[in-house]
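Below is final_3.txt, which holds compact mmCIF, N, CA and C atoms.
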# COMPACT_ATOMS: atom_id res chain seq x y z
N MET A 1003 61.75 49.84 -30.30
CA MET A 1003 61.32 49.47 -28.96
C MET A 1003 61.42 47.95 -28.80
N GLU A 1004 62.08 47.52 -27.77
CA GLU A 1004 62.14 46.08 -27.52
C GLU A 1004 60.89 45.66 -26.75
N GLN A 1005 60.70 44.36 -26.65
CA GLN A 1005 59.53 43.85 -25.96
C GLN A 1005 59.58 44.17 -24.47
N LYS A 1006 58.42 44.55 -23.96
CA LYS A 1006 58.27 44.76 -22.52
C LYS A 1006 57.20 43.77 -22.06
N ILE A 1007 57.56 42.92 -21.11
CA ILE A 1007 56.64 41.91 -20.60
C ILE A 1007 56.24 42.31 -19.18
N GLU A 1008 54.93 42.36 -18.95
CA GLU A 1008 54.44 42.75 -17.64
C GLU A 1008 53.17 42.00 -17.29
N PRO A 1009 52.81 41.97 -16.02
CA PRO A 1009 51.56 41.31 -15.62
C PRO A 1009 50.36 42.03 -16.23
N PHE A 1010 49.25 41.32 -16.31
CA PHE A 1010 48.01 41.95 -16.76
C PHE A 1010 47.64 43.09 -15.82
N THR A 1011 47.09 44.14 -16.39
CA THR A 1011 46.51 45.20 -15.58
C THR A 1011 45.09 44.77 -15.19
N PRO A 1012 44.49 45.45 -14.23
CA PRO A 1012 43.09 45.13 -13.91
C PRO A 1012 42.18 45.29 -15.14
N GLU A 1013 42.47 46.27 -15.99
CA GLU A 1013 41.69 46.47 -17.21
C GLU A 1013 41.83 45.28 -18.16
N ASP A 1014 43.06 44.76 -18.30
CA ASP A 1014 43.28 43.57 -19.13
C ASP A 1014 42.43 42.42 -18.62
N THR A 1015 42.48 42.23 -17.32
CA THR A 1015 41.75 41.12 -16.70
C THR A 1015 40.26 41.21 -17.00
N VAL A 1016 39.70 42.42 -16.93
CA VAL A 1016 38.27 42.61 -17.20
C VAL A 1016 37.96 42.23 -18.65
N VAL A 1017 38.79 42.70 -19.59
CA VAL A 1017 38.56 42.41 -21.02
C VAL A 1017 38.61 40.91 -21.28
N PHE A 1018 39.63 40.25 -20.78
CA PHE A 1018 39.80 38.83 -21.08
C PHE A 1018 38.77 37.98 -20.35
N GLU A 1019 38.32 38.45 -19.20
CA GLU A 1019 37.27 37.70 -18.50
C GLU A 1019 35.95 37.80 -19.27
N LYS A 1020 35.69 38.93 -19.91
CA LYS A 1020 34.49 39.05 -20.76
C LYS A 1020 34.57 38.07 -21.92
N GLN A 1021 35.78 37.90 -22.47
CA GLN A 1021 35.94 36.96 -23.57
C GLN A 1021 35.73 35.52 -23.08
N ARG A 1022 36.26 35.19 -21.92
CA ARG A 1022 36.01 33.86 -21.34
C ARG A 1022 34.52 33.66 -21.08
N ASP A 1023 33.85 34.71 -20.59
CA ASP A 1023 32.41 34.61 -20.33
C ASP A 1023 31.64 34.30 -21.60
N TRP A 1024 32.04 34.91 -22.72
CA TRP A 1024 31.37 34.63 -23.99
C TRP A 1024 31.52 33.16 -24.35
N VAL A 1025 32.71 32.63 -24.21
CA VAL A 1025 32.94 31.22 -24.51
C VAL A 1025 32.17 30.33 -23.53
N ARG A 1026 32.31 30.59 -22.24
CA ARG A 1026 31.60 29.81 -21.22
C ARG A 1026 30.10 29.86 -21.41
N GLY A 1027 29.61 30.95 -21.97
CA GLY A 1027 28.18 31.13 -22.20
C GLY A 1027 27.58 30.09 -23.14
N HIS A 1028 28.41 29.33 -23.81
CA HIS A 1028 27.91 28.27 -24.69
C HIS A 1028 27.58 27.00 -23.91
N TYR A 1029 27.96 26.96 -22.66
CA TYR A 1029 27.55 25.88 -21.77
C TYR A 1029 26.18 26.24 -21.19
N ALA A 1030 25.42 25.24 -20.83
CA ALA A 1030 24.21 25.49 -20.05
C ALA A 1030 24.65 26.15 -18.74
N SER A 1031 23.78 26.98 -18.18
CA SER A 1031 24.18 27.74 -16.98
C SER A 1031 24.61 26.84 -15.83
N ASN A 1032 24.08 25.63 -15.76
CA ASN A 1032 24.48 24.74 -14.67
C ASN A 1032 25.74 23.94 -15.01
N ALA A 1033 26.36 24.22 -16.16
CA ALA A 1033 27.55 23.47 -16.57
C ALA A 1033 28.78 24.36 -16.75
N HIS A 1034 28.70 25.62 -16.33
CA HIS A 1034 29.84 26.55 -16.50
C HIS A 1034 31.12 26.04 -15.86
N GLN A 1035 30.99 25.23 -14.79
CA GLN A 1035 32.19 24.70 -14.12
C GLN A 1035 32.99 23.78 -15.04
N ASN A 1036 32.38 23.28 -16.12
CA ASN A 1036 33.11 22.42 -17.06
C ASN A 1036 34.29 23.14 -17.70
N TYR A 1037 34.21 24.48 -17.74
CA TYR A 1037 35.30 25.27 -18.31
C TYR A 1037 36.58 25.11 -17.51
N GLU A 1038 36.46 24.74 -16.26
CA GLU A 1038 37.64 24.63 -15.40
C GLU A 1038 38.57 23.49 -15.81
N SER A 1039 38.04 22.47 -16.44
CA SER A 1039 38.89 21.34 -16.83
C SER A 1039 39.49 21.57 -18.22
N LEU A 1040 40.63 20.97 -18.43
CA LEU A 1040 41.27 21.04 -19.74
C LEU A 1040 40.35 20.46 -20.81
N GLU A 1041 39.78 19.31 -20.54
CA GLU A 1041 38.85 18.67 -21.48
C GLU A 1041 37.66 19.57 -21.77
N GLY A 1042 37.15 20.23 -20.75
CA GLY A 1042 36.02 21.13 -20.93
C GLY A 1042 36.33 22.28 -21.88
N LYS A 1043 37.50 22.85 -21.74
CA LYS A 1043 37.90 23.95 -22.63
C LYS A 1043 38.03 23.46 -24.07
N LEU A 1044 38.75 22.36 -24.26
CA LEU A 1044 38.99 21.86 -25.63
C LEU A 1044 37.69 21.40 -26.29
N SER A 1045 36.85 20.72 -25.54
CA SER A 1045 35.57 20.24 -26.09
C SER A 1045 34.68 21.41 -26.49
N LEU A 1046 34.67 22.44 -25.66
CA LEU A 1046 33.84 23.61 -25.96
C LEU A 1046 34.35 24.33 -27.21
N LEU A 1047 35.66 24.48 -27.33
CA LEU A 1047 36.21 25.09 -28.55
C LEU A 1047 35.81 24.28 -29.78
N GLU A 1048 35.94 22.97 -29.69
CA GLU A 1048 35.56 22.11 -30.81
C GLU A 1048 34.09 22.31 -31.19
N LYS A 1049 33.22 22.34 -30.20
CA LYS A 1049 31.78 22.46 -30.43
C LYS A 1049 31.44 23.81 -31.08
N ILE A 1050 32.02 24.90 -30.56
CA ILE A 1050 31.74 26.23 -31.11
C ILE A 1050 32.16 26.29 -32.58
N LEU A 1051 33.31 25.72 -32.89
CA LEU A 1051 33.78 25.73 -34.28
C LEU A 1051 32.96 24.78 -35.16
N GLU A 1052 32.66 23.61 -34.64
CA GLU A 1052 31.88 22.62 -35.40
C GLU A 1052 30.49 23.15 -35.75
N LYS A 1053 29.86 23.83 -34.81
CA LYS A 1053 28.51 24.37 -35.01
C LYS A 1053 28.52 25.71 -35.74
N LYS A 1054 29.73 26.23 -36.01
CA LYS A 1054 29.90 27.52 -36.69
C LYS A 1054 29.15 28.65 -35.96
N TRP A 1055 29.33 28.68 -34.64
CA TRP A 1055 28.69 29.71 -33.83
C TRP A 1055 29.45 31.03 -33.87
N VAL A 1056 30.51 31.07 -34.66
CA VAL A 1056 31.27 32.30 -34.85
C VAL A 1056 31.66 32.38 -36.33
N GLU A 1057 31.52 33.57 -36.89
CA GLU A 1057 31.81 33.80 -38.30
C GLU A 1057 33.26 34.29 -38.48
N PRO A 1058 33.82 34.09 -39.67
CA PRO A 1058 35.20 34.51 -39.92
C PRO A 1058 35.45 36.01 -39.71
N ASN A 1059 34.40 36.82 -39.79
CA ASN A 1059 34.59 38.28 -39.62
C ASN A 1059 34.33 38.75 -38.19
N GLU A 1060 34.06 37.84 -37.27
CA GLU A 1060 33.77 38.20 -35.88
C GLU A 1060 35.06 38.11 -35.04
N THR A 1061 35.91 39.09 -35.24
CA THR A 1061 37.25 39.07 -34.65
C THR A 1061 37.22 38.92 -33.14
N TRP A 1062 36.39 39.68 -32.45
CA TRP A 1062 36.36 39.62 -30.99
C TRP A 1062 36.01 38.22 -30.52
N LYS A 1063 35.01 37.60 -31.14
CA LYS A 1063 34.60 36.25 -30.75
C LYS A 1063 35.71 35.24 -31.08
N LEU A 1064 36.33 35.39 -32.24
CA LEU A 1064 37.41 34.49 -32.61
C LEU A 1064 38.58 34.61 -31.64
N GLN A 1065 38.89 35.83 -31.24
CA GLN A 1065 39.96 36.03 -30.28
C GLN A 1065 39.56 35.53 -28.89
N SER A 1066 38.28 35.50 -28.61
CA SER A 1066 37.80 34.90 -27.36
C SER A 1066 38.13 33.41 -27.35
N LEU A 1067 37.99 32.77 -28.52
CA LEU A 1067 38.39 31.37 -28.63
C LEU A 1067 39.89 31.24 -28.37
N GLY A 1068 40.67 32.22 -28.82
CA GLY A 1068 42.11 32.23 -28.58
C GLY A 1068 42.45 32.34 -27.10
N ILE A 1069 41.66 33.11 -26.36
CA ILE A 1069 41.88 33.22 -24.91
C ILE A 1069 41.63 31.85 -24.26
N THR A 1070 40.55 31.19 -24.69
CA THR A 1070 40.26 29.86 -24.14
C THR A 1070 41.34 28.86 -24.53
N PHE A 1071 41.80 28.92 -25.77
CA PHE A 1071 42.89 28.06 -26.21
C PHE A 1071 44.12 28.33 -25.34
N GLY A 1072 44.39 29.59 -25.08
CA GLY A 1072 45.51 29.96 -24.21
C GLY A 1072 45.32 29.47 -22.79
N ASP A 1073 44.08 29.55 -22.28
CA ASP A 1073 43.81 29.03 -20.94
C ASP A 1073 44.13 27.53 -20.87
N ALA A 1074 43.77 26.81 -21.94
CA ALA A 1074 44.06 25.37 -21.98
C ALA A 1074 45.57 25.13 -21.99
N LEU A 1075 46.29 25.89 -22.81
CA LEU A 1075 47.75 25.76 -22.86
C LEU A 1075 48.38 26.09 -21.50
N ALA A 1076 47.90 27.16 -20.89
CA ALA A 1076 48.43 27.56 -19.58
C ALA A 1076 48.22 26.46 -18.56
N GLN A 1077 47.05 25.85 -18.61
CA GLN A 1077 46.73 24.79 -17.66
C GLN A 1077 47.60 23.55 -17.88
N LYS A 1078 47.75 23.14 -19.12
CA LYS A 1078 48.52 21.92 -19.43
C LYS A 1078 50.02 22.12 -19.27
N MET A 1079 50.52 23.27 -19.70
CA MET A 1079 51.97 23.49 -19.78
C MET A 1079 52.52 24.36 -18.64
N THR A 1080 51.68 24.72 -17.68
CA THR A 1080 52.06 25.56 -16.55
C THR A 1080 52.68 26.88 -17.03
N LEU A 1081 51.88 27.61 -17.79
CA LEU A 1081 52.28 28.92 -18.29
C LEU A 1081 51.43 29.99 -17.61
N SER A 1082 51.89 31.23 -17.65
CA SER A 1082 51.16 32.34 -17.03
C SER A 1082 50.85 33.41 -18.07
N TRP A 1083 49.67 33.99 -17.94
CA TRP A 1083 49.30 35.09 -18.82
C TRP A 1083 50.09 36.34 -18.46
N VAL A 1084 50.58 37.03 -19.49
CA VAL A 1084 51.27 38.31 -19.35
C VAL A 1084 50.83 39.21 -20.50
N ALA A 1085 51.21 40.47 -20.40
CA ALA A 1085 51.00 41.40 -21.51
C ALA A 1085 52.37 41.70 -22.11
N VAL A 1086 52.45 41.65 -23.44
CA VAL A 1086 53.70 41.95 -24.12
C VAL A 1086 53.48 43.20 -24.97
N GLU A 1087 54.31 44.18 -24.72
CA GLU A 1087 54.21 45.43 -25.47
C GLU A 1087 55.46 45.60 -26.32
N ASP A 1088 55.25 45.96 -27.59
CA ASP A 1088 56.35 46.27 -28.49
C ASP A 1088 55.90 47.37 -29.43
N LYS A 1089 56.67 47.61 -30.48
CA LYS A 1089 56.34 48.72 -31.39
C LYS A 1089 55.02 48.50 -32.13
N HIS A 1090 54.51 47.28 -32.13
CA HIS A 1090 53.25 46.98 -32.82
C HIS A 1090 52.03 47.09 -31.91
N GLY A 1091 52.26 47.23 -30.61
CA GLY A 1091 51.14 47.34 -29.68
C GLY A 1091 51.32 46.46 -28.47
N ARG A 1092 50.18 46.15 -27.85
CA ARG A 1092 50.18 45.38 -26.60
C ARG A 1092 49.27 44.17 -26.79
N ASP A 1093 49.78 42.98 -26.50
CA ASP A 1093 49.03 41.75 -26.72
C ASP A 1093 49.15 40.82 -25.53
N PRO A 1094 48.10 40.01 -25.31
CA PRO A 1094 48.21 38.98 -24.29
C PRO A 1094 49.10 37.85 -24.79
N ALA A 1095 49.83 37.26 -23.89
CA ALA A 1095 50.73 36.16 -24.24
C ALA A 1095 50.85 35.24 -23.03
N LEU A 1096 51.41 34.08 -23.29
CA LEU A 1096 51.69 33.12 -22.22
C LEU A 1096 53.19 33.02 -22.06
N LYS A 1097 53.65 33.05 -20.83
CA LYS A 1097 55.08 32.98 -20.55
C LYS A 1097 55.38 31.79 -19.66
N ASP A 1098 56.49 31.15 -19.99
CA ASP A 1098 57.00 30.07 -19.17
C ASP A 1098 57.86 30.70 -18.07
N ALA A 1099 57.59 30.36 -16.84
CA ALA A 1099 58.29 30.98 -15.71
C ALA A 1099 59.77 30.65 -15.68
N ASP A 1100 60.15 29.48 -16.20
CA ASP A 1100 61.54 29.03 -16.08
C ASP A 1100 62.41 29.34 -17.29
N THR A 1101 61.81 29.83 -18.36
CA THR A 1101 62.58 30.11 -19.57
C THR A 1101 62.13 31.44 -20.17
N ALA A 1102 62.68 31.77 -21.32
CA ALA A 1102 62.28 32.98 -22.03
C ALA A 1102 61.15 32.71 -23.03
N ILE A 1103 60.55 31.55 -22.95
CA ILE A 1103 59.50 31.18 -23.91
C ILE A 1103 58.26 32.04 -23.68
N VAL A 1104 57.80 32.67 -24.77
CA VAL A 1104 56.57 33.45 -24.78
C VAL A 1104 55.79 33.02 -26.01
N VAL A 1105 54.51 32.66 -25.82
CA VAL A 1105 53.67 32.26 -26.95
C VAL A 1105 52.44 33.16 -26.98
N PHE A 1106 51.91 33.33 -28.18
CA PHE A 1106 50.80 34.25 -28.42
C PHE A 1106 49.59 33.48 -28.97
N PRO A 1107 48.73 32.97 -28.08
CA PRO A 1107 47.62 32.13 -28.52
C PRO A 1107 46.39 32.89 -29.04
N LEU A 1108 46.35 34.21 -28.87
CA LEU A 1108 45.14 34.98 -29.17
C LEU A 1108 44.61 34.73 -30.57
N THR A 1109 45.49 34.65 -31.57
CA THR A 1109 45.04 34.50 -32.96
C THR A 1109 45.29 33.11 -33.53
N THR A 1110 45.64 32.17 -32.68
CA THR A 1110 45.92 30.81 -33.16
C THR A 1110 44.73 30.23 -33.91
N ILE A 1111 43.56 30.40 -33.39
CA ILE A 1111 42.35 29.88 -34.05
C ILE A 1111 41.84 30.88 -35.07
N SER A 1112 41.79 32.16 -34.71
CA SER A 1112 41.17 33.15 -35.59
C SER A 1112 41.82 33.24 -36.95
N LYS A 1113 43.14 33.21 -37.02
CA LYS A 1113 43.78 33.35 -38.33
C LYS A 1113 43.43 32.17 -39.24
N ARG A 1114 43.23 31.01 -38.68
CA ARG A 1114 42.86 29.83 -39.48
C ARG A 1114 41.40 29.93 -39.96
N VAL A 1115 40.52 30.33 -39.06
CA VAL A 1115 39.10 30.49 -39.43
C VAL A 1115 38.96 31.58 -40.48
N GLU A 1116 39.67 32.69 -40.30
CA GLU A 1116 39.60 33.79 -41.26
C GLU A 1116 40.08 33.37 -42.65
N ARG A 1117 41.02 32.42 -42.71
CA ARG A 1117 41.51 31.92 -44.00
C ARG A 1117 40.61 30.82 -44.57
N GLY A 1118 39.58 30.46 -43.83
CA GLY A 1118 38.66 29.43 -44.29
C GLY A 1118 39.15 28.01 -44.06
N GLU A 1119 40.14 27.85 -43.22
CA GLU A 1119 40.69 26.53 -42.93
C GLU A 1119 39.86 25.82 -41.87
N ALA A 1120 39.80 24.51 -41.98
CA ALA A 1120 39.21 23.72 -40.90
C ALA A 1120 40.18 23.73 -39.73
N VAL A 1121 39.67 23.83 -38.54
CA VAL A 1121 40.52 23.88 -37.35
C VAL A 1121 40.31 22.61 -36.54
N ASP A 1122 41.37 21.84 -36.42
CA ASP A 1122 41.37 20.66 -35.56
C ASP A 1122 41.98 21.10 -34.23
N VAL A 1123 41.11 21.43 -33.29
CA VAL A 1123 41.55 21.99 -32.01
C VAL A 1123 42.53 21.07 -31.30
N ARG A 1124 42.23 19.79 -31.27
CA ARG A 1124 43.09 18.83 -30.54
C ARG A 1124 44.48 18.75 -31.18
N ASP A 1125 44.52 18.70 -32.50
CA ASP A 1125 45.80 18.63 -33.20
C ASP A 1125 46.60 19.91 -32.98
N LEU A 1126 45.93 21.05 -33.10
CA LEU A 1126 46.58 22.33 -32.87
C LEU A 1126 47.15 22.41 -31.45
N PHE A 1127 46.35 21.95 -30.50
CA PHE A 1127 46.77 21.96 -29.10
C PHE A 1127 47.96 21.03 -28.88
N ALA A 1128 47.88 19.83 -29.42
CA ALA A 1128 48.98 18.86 -29.25
C ALA A 1128 50.27 19.41 -29.86
N LYS A 1129 50.17 20.00 -31.04
CA LYS A 1129 51.37 20.56 -31.70
C LYS A 1129 51.95 21.72 -30.89
N ALA A 1130 51.09 22.55 -30.33
CA ALA A 1130 51.58 23.67 -29.51
C ALA A 1130 52.31 23.14 -28.28
N CYS A 1131 51.75 22.12 -27.64
CA CYS A 1131 52.39 21.53 -26.46
C CYS A 1131 53.74 20.91 -26.82
N ILE A 1132 53.79 20.22 -27.95
CA ILE A 1132 55.05 19.61 -28.40
C ILE A 1132 56.10 20.68 -28.67
N THR A 1133 55.68 21.77 -29.30
CA THR A 1133 56.62 22.86 -29.60
C THR A 1133 57.15 23.48 -28.32
N ILE A 1134 56.28 23.71 -27.35
CA ILE A 1134 56.72 24.30 -26.08
C ILE A 1134 57.69 23.35 -25.37
N GLU A 1135 57.40 22.06 -25.35
CA GLU A 1135 58.30 21.09 -24.73
C GLU A 1135 59.65 21.05 -25.44
N ARG A 1136 59.62 21.11 -26.78
CA ARG A 1136 60.87 21.11 -27.54
C ARG A 1136 61.70 22.34 -27.21
N LEU A 1137 61.06 23.50 -27.17
CA LEU A 1137 61.78 24.73 -26.83
C LEU A 1137 62.34 24.67 -25.42
N ARG A 1138 61.57 24.15 -24.49
CA ARG A 1138 62.07 24.00 -23.12
C ARG A 1138 63.31 23.11 -23.09
N SER A 1139 63.25 22.03 -23.82
CA SER A 1139 64.38 21.11 -23.88
C SER A 1139 65.61 21.76 -24.49
N GLU A 1140 65.39 22.46 -25.58
CA GLU A 1140 66.52 23.16 -26.24
C GLU A 1140 67.14 24.20 -25.34
N LEU A 1141 66.29 24.97 -24.66
CA LEU A 1141 66.80 26.01 -23.78
C LEU A 1141 67.52 25.43 -22.56
N SER A 1142 67.04 24.31 -22.06
CA SER A 1142 67.71 23.70 -20.90
C SER A 1142 69.07 23.12 -21.31
N GLN A 1143 69.19 22.66 -22.54
CA GLN A 1143 70.48 22.14 -23.01
C GLN A 1143 71.51 23.25 -23.15
N HIS A 1144 71.03 24.46 -23.48
CA HIS A 1144 71.95 25.59 -23.62
C HIS A 1144 72.45 26.08 -22.26
N LYS A 1145 71.70 25.77 -21.20
CA LYS A 1145 72.10 26.21 -19.86
C LYS A 1145 73.21 25.34 -19.30
N THR A 1146 73.32 24.10 -19.77
CA THR A 1146 74.32 23.20 -19.19
C THR A 1146 75.67 23.34 -19.82

Let me see the file written as structure tokens.
Amino acid sequence: MEQKIEPFTPEDTVVFEKQRDWVRGHYASNAHQNYESLEGKLSLLEKILEKKWVEPNETWKLQSLGITFGDALAQKMTLSWVAVEDKHGRDPALKDADTAIVVFPLTTISKRVERGEAVDVRDLFAKACITIERLRSELSQHKT
């Protein structure tokens, strides 16, 4: 089975919004709007990891961090959430509208935490942005 890329279903949206709510819930109730900014998302991810508010075996919570990391990438790099289905299952991903670039941020943080690695959110984010820009550049050169 080849990859099938499609928009989120209403059910997908409900699941991922619950994950965002868990992350946003670490803000004081009067500060939830901070999640809307790129800085707010990255700072919150840093704080949750720094304070160890999620354990390496808490997959759902770790993947919630991945959704927030993906939201930050989508905001900075102008990407859109999609669902990608293949022989291994169905996963959320970010797609670049102008190219074939698809990235999978869901486990970007979780796989590192599960391995016991320190996670530098800003460095991880910067490297992801650089990689996406490089791929965009490479793909645009192939079009000419």

**Report entry** Surrounding residues of Ala1130 (chain A) excluding itself and chain neighbours under 5 positions, 9 Å, only C-alpha atoms, as a ChimeraX atom specification
**Finding:** /A:1075,1125,1135

Query - Backbone DSSP call of strand (DSSP E or B) for chain A, listed as a VMD selection string - result: chain A and resid 1006 to 1008 1081 to 1088 1091 to 1098 1104 to 1105

Requested in this report: Could you give me the residues within chain A that DSSP places in helix (DSSP H, G or I), as a ChimeraX atom specification?
Outcome: /A:1012-1026,1031-1038,1040-1052,1061-1079,1112-1116,1123-1145

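Closest approach to Ile1103 (chain A) from the set A:Leu1044, A:Leu1137, A:Ala1128, A:Leu1064 is made by A:Leu1137, with distances taken over only N, CA and C atoms.
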
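Selection around (42.7, 31.7, -30.4) with radius 9 Å, counting only C-alpha atoms, yields the residues A:Leu1064, A:Gln1065, A:Ser1066, A:Leu1067, A:Gly1068, A:Ile1069, A:Thr1070, A:Phe1071, A:Gly1072, A:Phe1106, A:Pro1107, A:Leu1108, A:Thr1109, A:Thr1110, A:Ile1111, A:Ser1112, A:Lys1113.
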
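Around Lys1097 (chain A), within 8 Å and counting all atoms listed in the file, the residues found are A:Ala1076, A:Thr1080, A:Leu1081, A:Ser1082, A:Trp1083, A:Val1084, A:Ala1085, A:Ala1102, A:Ile1103, A:Val1104, A:Val1105, A:Phe1106, once anything fewer than 5 positions away on its own chain is removed.
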
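The space separating atom C of Pro1094 (chain A) from atom N of Ser1031 (chain A) comes to 28.3 Å.
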
Report summary line: Correct to one decimal, the distance CA of Asp1100 (chain A)-CA of Ile1007 (chain A) is 14.5 Å

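The two atoms in question, CA of Cys1131 (chain A) and CA of Asp1073 (chain A), are spaced 12.7 Å apart.
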
Query raised in the report: When distances are computed from only C-alpha atoms, which of A:Val1115, A:Arg1138, A:Asp1093, A:Gln1143 shows the smallest separation from Val1017 (chain A)?
Result: A:Asp1093

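Residue nearest Lys1020 (chain A) within the list A:Val1056, A:Lys1049, A:Trp1062, A:Gln1005: A:Trp1062 [criterion: smallest interatomic distance, only C-alpha atoms].
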
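For the residues A:Ile1050, A:Pro1012, A:Leu1141, A:Ser1045, ranking by smallest atom-to-atom distance to Phe1127 (chain A) using only C-alpha atoms places A:Ser1045 first.
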